[in-house]
$ cat protein-v2.cif   # mmCIF, C-alpha atoms
data_query
loop_
_atom_site.label_atom_id
_atom_site.label_comp_id
_atom_site.auth_asym_id
_atom_site.auth_seq_id
_atom_site.Cartn_x
_atom_site.Cartn_y
_atom_site.Cartn_z
CA MET A 6 115.22 93.59 30.96
CA ARG A 7 112.77 96.51 30.69
CA VAL A 8 113.30 97.48 34.34
CA ALA A 9 117.10 97.44 33.93
CA LEU A 10 116.81 99.52 30.76
CA GLY A 11 114.52 102.02 32.54
CA VAL A 12 116.99 102.36 35.42
CA LEU A 13 119.82 102.91 32.94
CA VAL A 14 117.86 105.62 31.08
CA LEU A 15 116.93 107.35 34.36
CA THR A 16 120.55 107.22 35.55
CA LEU A 17 121.81 108.69 32.28
CA ALA A 18 119.12 111.39 32.32
CA LEU A 19 120.10 112.45 35.84
CA ALA A 20 123.76 112.51 34.89
CA LEU A 21 123.19 114.57 31.76
CA VAL A 22 120.53 117.05 32.90
CA PRO A 23 122.17 120.25 34.16
CA GLY A 24 121.25 121.33 37.67
CA VAL A 25 120.05 117.90 38.84
CA GLN A 26 121.98 116.70 41.85
CA ALA A 27 121.94 113.04 42.79
CA ARG A 28 123.45 113.46 46.26
CA PRO A 29 121.62 114.95 49.25
CA ALA A 30 122.70 118.23 50.87
CA HIS A 31 123.11 116.49 54.24
CA VAL A 32 124.03 112.86 54.68
CA ALA A 33 122.79 111.52 58.02
CA GLY A 34 125.65 110.68 60.34
CA GLN A 35 128.03 113.43 59.25
CA LEU A 36 128.50 117.17 59.69
CA PRO A 37 126.68 118.88 56.81
CA THR A 38 128.55 121.18 54.45
CA ARG A 39 125.49 123.43 54.17
CA GLY A 40 123.68 123.25 57.50
CA ILE A 41 120.22 124.58 58.22
CA PHE A 42 119.18 126.38 61.40
CA VAL A 43 115.46 126.15 62.12
CA PRO A 44 114.94 128.67 64.94
CA GLY A 45 113.15 127.14 67.88
CA VAL A 46 113.57 123.64 66.44
CA SER A 47 117.00 122.41 65.34
CA LEU A 48 120.51 123.16 64.14
CA ALA A 49 122.05 120.78 61.58
CA GLY A 50 119.30 118.29 62.42
CA VAL A 51 120.06 118.29 66.17
CA HIS A 52 117.19 119.14 68.54
CA LEU A 53 117.35 120.13 72.19
CA GLY A 54 116.63 117.06 74.32
CA PHE A 55 118.22 114.60 71.89
CA ASP A 56 120.18 111.85 73.62
CA GLN A 57 123.76 111.11 72.61
CA ALA A 58 122.76 108.28 70.26
CA ARG A 59 120.45 110.58 68.28
CA VAL A 60 123.21 113.20 68.00
CA LYS A 61 125.56 110.54 66.62
CA ALA A 62 122.84 109.47 64.16
CA ALA A 63 122.54 113.08 62.95
CA LEU A 64 126.19 114.20 62.98
CA GLY A 65 128.24 111.03 63.29
CA SER A 66 131.01 109.92 65.61
CA ASN A 67 133.77 112.20 64.33
CA TYR A 68 133.94 114.61 67.31
CA ARG A 69 136.27 115.61 70.13
CA VAL A 70 135.02 115.67 73.71
CA CYS A 71 135.59 118.68 75.92
CA THR A 72 135.17 117.87 79.64
CA VAL A 73 136.50 119.10 82.98
CA ALA A 74 139.15 116.40 82.61
CA ASN A 75 140.82 118.31 79.74
CA THR A 76 139.84 121.98 80.39
CA ASN A 77 138.15 124.21 82.95
CA LEU A 78 135.89 125.60 80.20
CA CYS A 79 133.66 122.52 79.96
CA LYS A 80 131.67 121.86 83.11
CA GLU A 81 129.43 119.41 81.24
CA PRO A 82 130.32 117.21 78.25
CA LEU A 83 130.63 119.18 75.02
CA TRP A 84 131.10 117.44 71.68
CA LEU A 85 133.06 119.41 69.09
CA TYR A 86 132.34 118.49 65.48
CA GLU A 87 134.85 120.19 63.21
CA TYR A 88 135.55 120.02 59.52
CA GLN A 89 138.79 118.23 58.70
CA ARG A 90 140.07 120.90 56.29
CA GLY A 91 140.63 124.61 56.67
CA GLU A 92 139.84 126.65 59.75
CA PRO A 93 138.47 124.97 62.87
CA LEU A 94 134.79 125.46 61.97
CA GLY A 95 131.88 123.24 62.85
CA VAL A 96 129.22 122.60 65.47
CA ALA A 97 129.32 122.08 69.24
CA VAL A 98 126.75 120.09 71.20
CA ARG A 99 126.46 120.55 74.99
CA PHE A 100 124.89 117.87 77.19
CA HIS A 101 123.39 117.78 80.68
CA ASN A 102 122.43 114.33 81.97
CA LYS A 103 123.25 112.98 78.48
CA LYS A 104 120.59 115.19 76.83
CA VAL A 105 121.30 118.11 74.46
CA THR A 106 120.92 121.48 76.21
CA ALA A 107 122.73 123.61 73.62
CA VAL A 108 123.83 123.29 70.01
CA PHE A 109 125.75 126.06 68.26
CA THR A 110 128.02 126.76 65.33
CA LEU A 111 131.76 127.19 65.74
CA GLY A 112 132.65 130.16 63.56
CA ALA A 113 131.05 131.44 60.38
CA ILE A 114 130.48 128.50 58.07
CA GLN A 115 130.00 129.57 54.45
CA GLY A 116 126.80 128.12 53.01
CA TRP A 117 124.94 127.72 56.31
CA LYS A 118 121.60 129.51 56.67
CA THR A 119 118.30 129.58 58.50
CA SER A 120 115.10 128.02 57.21
CA GLU A 121 113.94 131.58 56.40
CA GLY A 122 117.05 132.34 54.34
CA LEU A 123 119.29 134.31 56.74
CA LYS A 124 122.84 133.39 55.72
CA MET A 125 126.23 133.56 57.34
CA TYR A 126 127.83 136.95 56.57
CA ASP A 127 124.45 138.64 56.04
CA PRO A 128 124.20 142.10 57.62
CA VAL A 129 122.64 142.30 61.11
CA SER A 130 119.75 144.29 59.60
CA ASN A 131 118.58 141.09 57.87
CA ILE A 132 117.83 139.59 61.31
CA TYR A 133 115.30 142.38 61.92
CA SER A 134 113.82 141.89 58.45
CA LEU A 135 113.13 138.18 59.01
CA TYR A 136 112.44 137.77 62.73
CA GLU A 137 110.57 139.41 65.60
CA THR A 138 112.49 142.03 67.56
CA PRO A 139 115.35 140.08 69.14
CA ILE A 140 116.83 140.39 72.62
CA TYR A 141 120.36 141.82 72.47
CA SER A 142 123.22 140.34 74.54
CA LYS A 143 126.84 141.46 74.59
CA CYS A 144 129.15 138.44 74.71
CA ILE A 145 132.95 138.36 74.87
CA GLY A 146 134.07 139.16 71.32
CA PHE A 147 130.63 139.00 69.70
CA GLU A 148 126.95 139.88 70.13
CA ALA A 149 123.88 137.67 70.30
CA PHE A 150 120.43 138.56 68.98
CA SER A 151 117.99 136.07 70.52
CA MET A 152 114.35 135.06 70.49
CA LYS A 153 112.56 132.91 73.08
CA LYS A 154 109.74 130.58 72.18
CA GLY A 155 108.37 127.80 74.35
CA GLY A 156 111.42 127.81 76.61
CA ILE A 157 113.87 127.47 73.70
CA THR A 158 116.20 130.35 72.93
CA SER A 159 117.28 130.79 69.31
CA SER A 160 120.28 133.06 68.82
CA PHE A 161 122.04 134.69 65.92
CA TYR A 162 125.67 135.47 66.70
CA THR A 163 127.14 138.57 65.06
CA ALA A 164 130.49 140.32 64.83
CA SER A 165 131.54 143.39 62.87
CA GLY A 166 127.95 143.95 61.73
CA VAL A 167 127.41 140.53 60.11
CA VAL A 168 125.92 137.16 61.08
CA TYR A 169 128.59 134.66 62.00
CA GLY A 170 126.76 131.93 63.93
CA PHE A 171 123.59 130.28 65.17
CA ALA A 172 122.60 128.66 68.47
CA LEU A 173 119.76 126.86 70.22
CA THR A 174 119.82 126.82 74.01
CA ALA A 175 117.55 125.28 76.63
CA PRO A 176 116.30 127.13 79.72
CA GLY A 177 119.17 127.71 82.13
CA GLU A 178 121.84 127.69 79.41
CA ALA A 179 123.75 130.89 78.64
CA VAL A 180 122.97 132.63 75.35
CA CYS A 181 126.70 133.33 74.86
CA GLN A 182 128.21 129.93 74.11
#

$ encode --input "protein-v2.cif" --output "C-alpha cells"
Amino acid sequence: MRVALGVLVLTLALALVPGVQARPAHVAGQLPTRGIFVPGVSLAGVHLGFDQARVKAALGSNYRVCTVANTNLCKEPLWLYEYQRGEPLGVAVRFHNKKVTAVFTLGAIQGWKTSEGLKMYDPVSNIYSLYETPIYSKCIGFEAFSMKKGGITSSFYTASGVVYGFALTAPGEAVCQ
C-alpha cells in the first residue's frame, strides 16, 4: 500500500508542478518534433554507418522510399521521413550498400537545433560564433557552410542569410543534398 501511495503522490506532484514534463523530447522510433544535430556525430539520433534496422529504431517505419524506380534523382535508396501535417518538412536518409552515407533535414524545421545551440532561422553569423571557420559551398537555391572532422562532413544549410538545415555526409557524398 505504501508503494502505491508513493507512486500516486509522485504522479500528482509531476502533474501539478509547473515546468515538469513527463514525456521525452524524442520518442525512439519516430521523427522528433525538436531534433538535435550533433556535428560530426548524428542528426535526429541517426549516425553515418547505421544499417537500415538502426535507422528504423531511431526514426520509425513511417517513410517514403525514393529510388531510381520512381525518379532519376535517387541513384541510391533515400528514405524520406516527413511530418504528417503542414509543409513537407522532415529528414532524409541516404544509403549505400544498406548503410547510412548521408542524413539531412528537409526544410527549416522550427525547434530543431545543434548541440551547441545553433537554431533554425538563426543568422549565418551565428555559425561563425559557434564553430571553426567553415568551408563555403554554393548549392542550387541555398548555401552550405561545412566542417570536416575524421572523414565526416557536417553542414549548415542557409538561405536568405539564415540557417535552414543541417546535414551529415560521409566521404564521397556531395555536401549539397

$ resolve_selection --input "protein-v2.cif" --expression "the PyMOL selection byres ((chain A and resi 51) around 12)" --output "ChimeraX atom specification"
/A:33-37,40-50,52-65,96-99,104-110,172-174

$ resolve_selection --input "protein-v2.cif" --expression "the PyMOL selection byres ((chain A and resi 142) around 10)" --output "list in words"
Pro139, Ile140, Tyr141, Lys143, Cys144, Ile145, Phe147, Glu148, Ala149, Phe150, Ser151, Ser160, Tyr162, Val180 and Cys181 of chain A

$ write_last_selection --input "protein-v2.cif" --atoms "C-alpha atoms" --output "PDB file, in the coordinates of the input"
ATOM      1  CA  PRO A 139     115.350 140.080  69.140  1.00  0.00           C
ATOM      2  CA  ILE A 140     116.830 140.390  72.620  1.00  0.00           C
ATOM      3  CA  TYR A 141     120.360 141.820  72.470  1.00  0.00           C
ATOM      4  CA  LYS A 143     126.840 141.460  74.590  1.00  0.00           C
ATOM      5  CA  CYS A 144     129.150 138.440  74.710  1.00  0.00           C
ATOM      6  CA  ILE A 145     132.950 138.360  74.870  1.00  0.00           C
ATOM      7  CA  PHE A 147     130.630 139.000  69.700  1.00  0.00           C
ATOM      8  CA  GLU A 148     126.950 139.880  70.130  1.00  0.00           C
ATOM      9  CA  ALA A 149     123.880 137.670  70.300  1.00  0.00           C
ATOM     10  CA  PHE A 150     120.430 138.560  68.980  1.00  0.00           C
ATOM     11  CA  SER A 151     117.990 136.070  70.520  1.00  0.00           C
ATOM     12  CA  SER A 160     120.280 133.060  68.820  1.00  0.00           C
ATOM     13  CA  TYR A 162     125.670 135.470  66.700  1.00  0.00           C
ATOM     14  CA  VAL A 180     122.970 132.630  75.350  1.00  0.00           C
ATOM     15  CA  CYS A 181     126.700 133.330  74.860  1.00  0.00           C
TER      16      CYS A 181
END

$ residues_around --input "protein-v2.cif" --residues "Pro93 (chain A)" --least-positions-apart "2" --cutoff "12 Å" --atoms "only C-alpha atoms" --output "PyMOL selection string"
chain A and resi 85-91+95-97+110-114

$ atom_distance --input "protein-v2.cif" --atom1 "CA of Glu137 (chain A)" --atom2 "CA of Met152 (chain A)"
7.6 Å

$ residues_around --input "protein-v2.cif" --residues "Met125 (chain A)" --least-positions-apart "5" --cutoff "9 Å" --atoms "only C-alpha atoms" --output "VMD selection string"
chain A and resid 113 to 119 167 to 171

$ closest_residue --input "protein-v2.cif" --among "A:Pro176, A:Asn102, A:Leu94, A:Tyr68" --to "Lys80 (chain A)" --atoms "all atoms listed in the file"
A:Asn102

$ closest_residue --input "protein-v2.cif" --among "A:Glu121, A:Gln182, A:Trp84, A:Lys154" --to "Lys103 (chain A)" --atoms "all atoms listed in the file"
A:Trp84

$ resolve_selection --input "protein-v2.cif" --expression "the PyMOL selection byres ((chain A and resi 128-132) around 8)" --output "MDAnalysis selection string"
chainID A and resid 123 126:127 133:136 161 163 166:168

$ atom_distance --input "protein-v2.cif" --atom1 "CA of Ser165 (chain A)" --atom2 "CA of Lys124 (chain A)"
15.1 Å

$ atom_distance --input "protein-v2.cif" --atom1 "CA of Ser66 (chain A)" --atom2 "CA of Phe100 (chain A)"
15.3 Å

$ closest_residue --input "protein-v2.cif" --among "A:Glu92, A:Ser159, A:Gly177, A:His101" --to "Thr72 (chain A)" --atoms "all atoms listed in the file"
A:His101

$ axis_aligned_box --input "protein-v2.cif" --around "region 68-85 of chain A" --padding-each-side "6 Å" --output "lines of an AutoDock Vina configuration file"
center_x = 135.1
center_y = 120.1
center_z = 75.2
size_x = 23.4
size_y = 23.0
size_z = 27.8
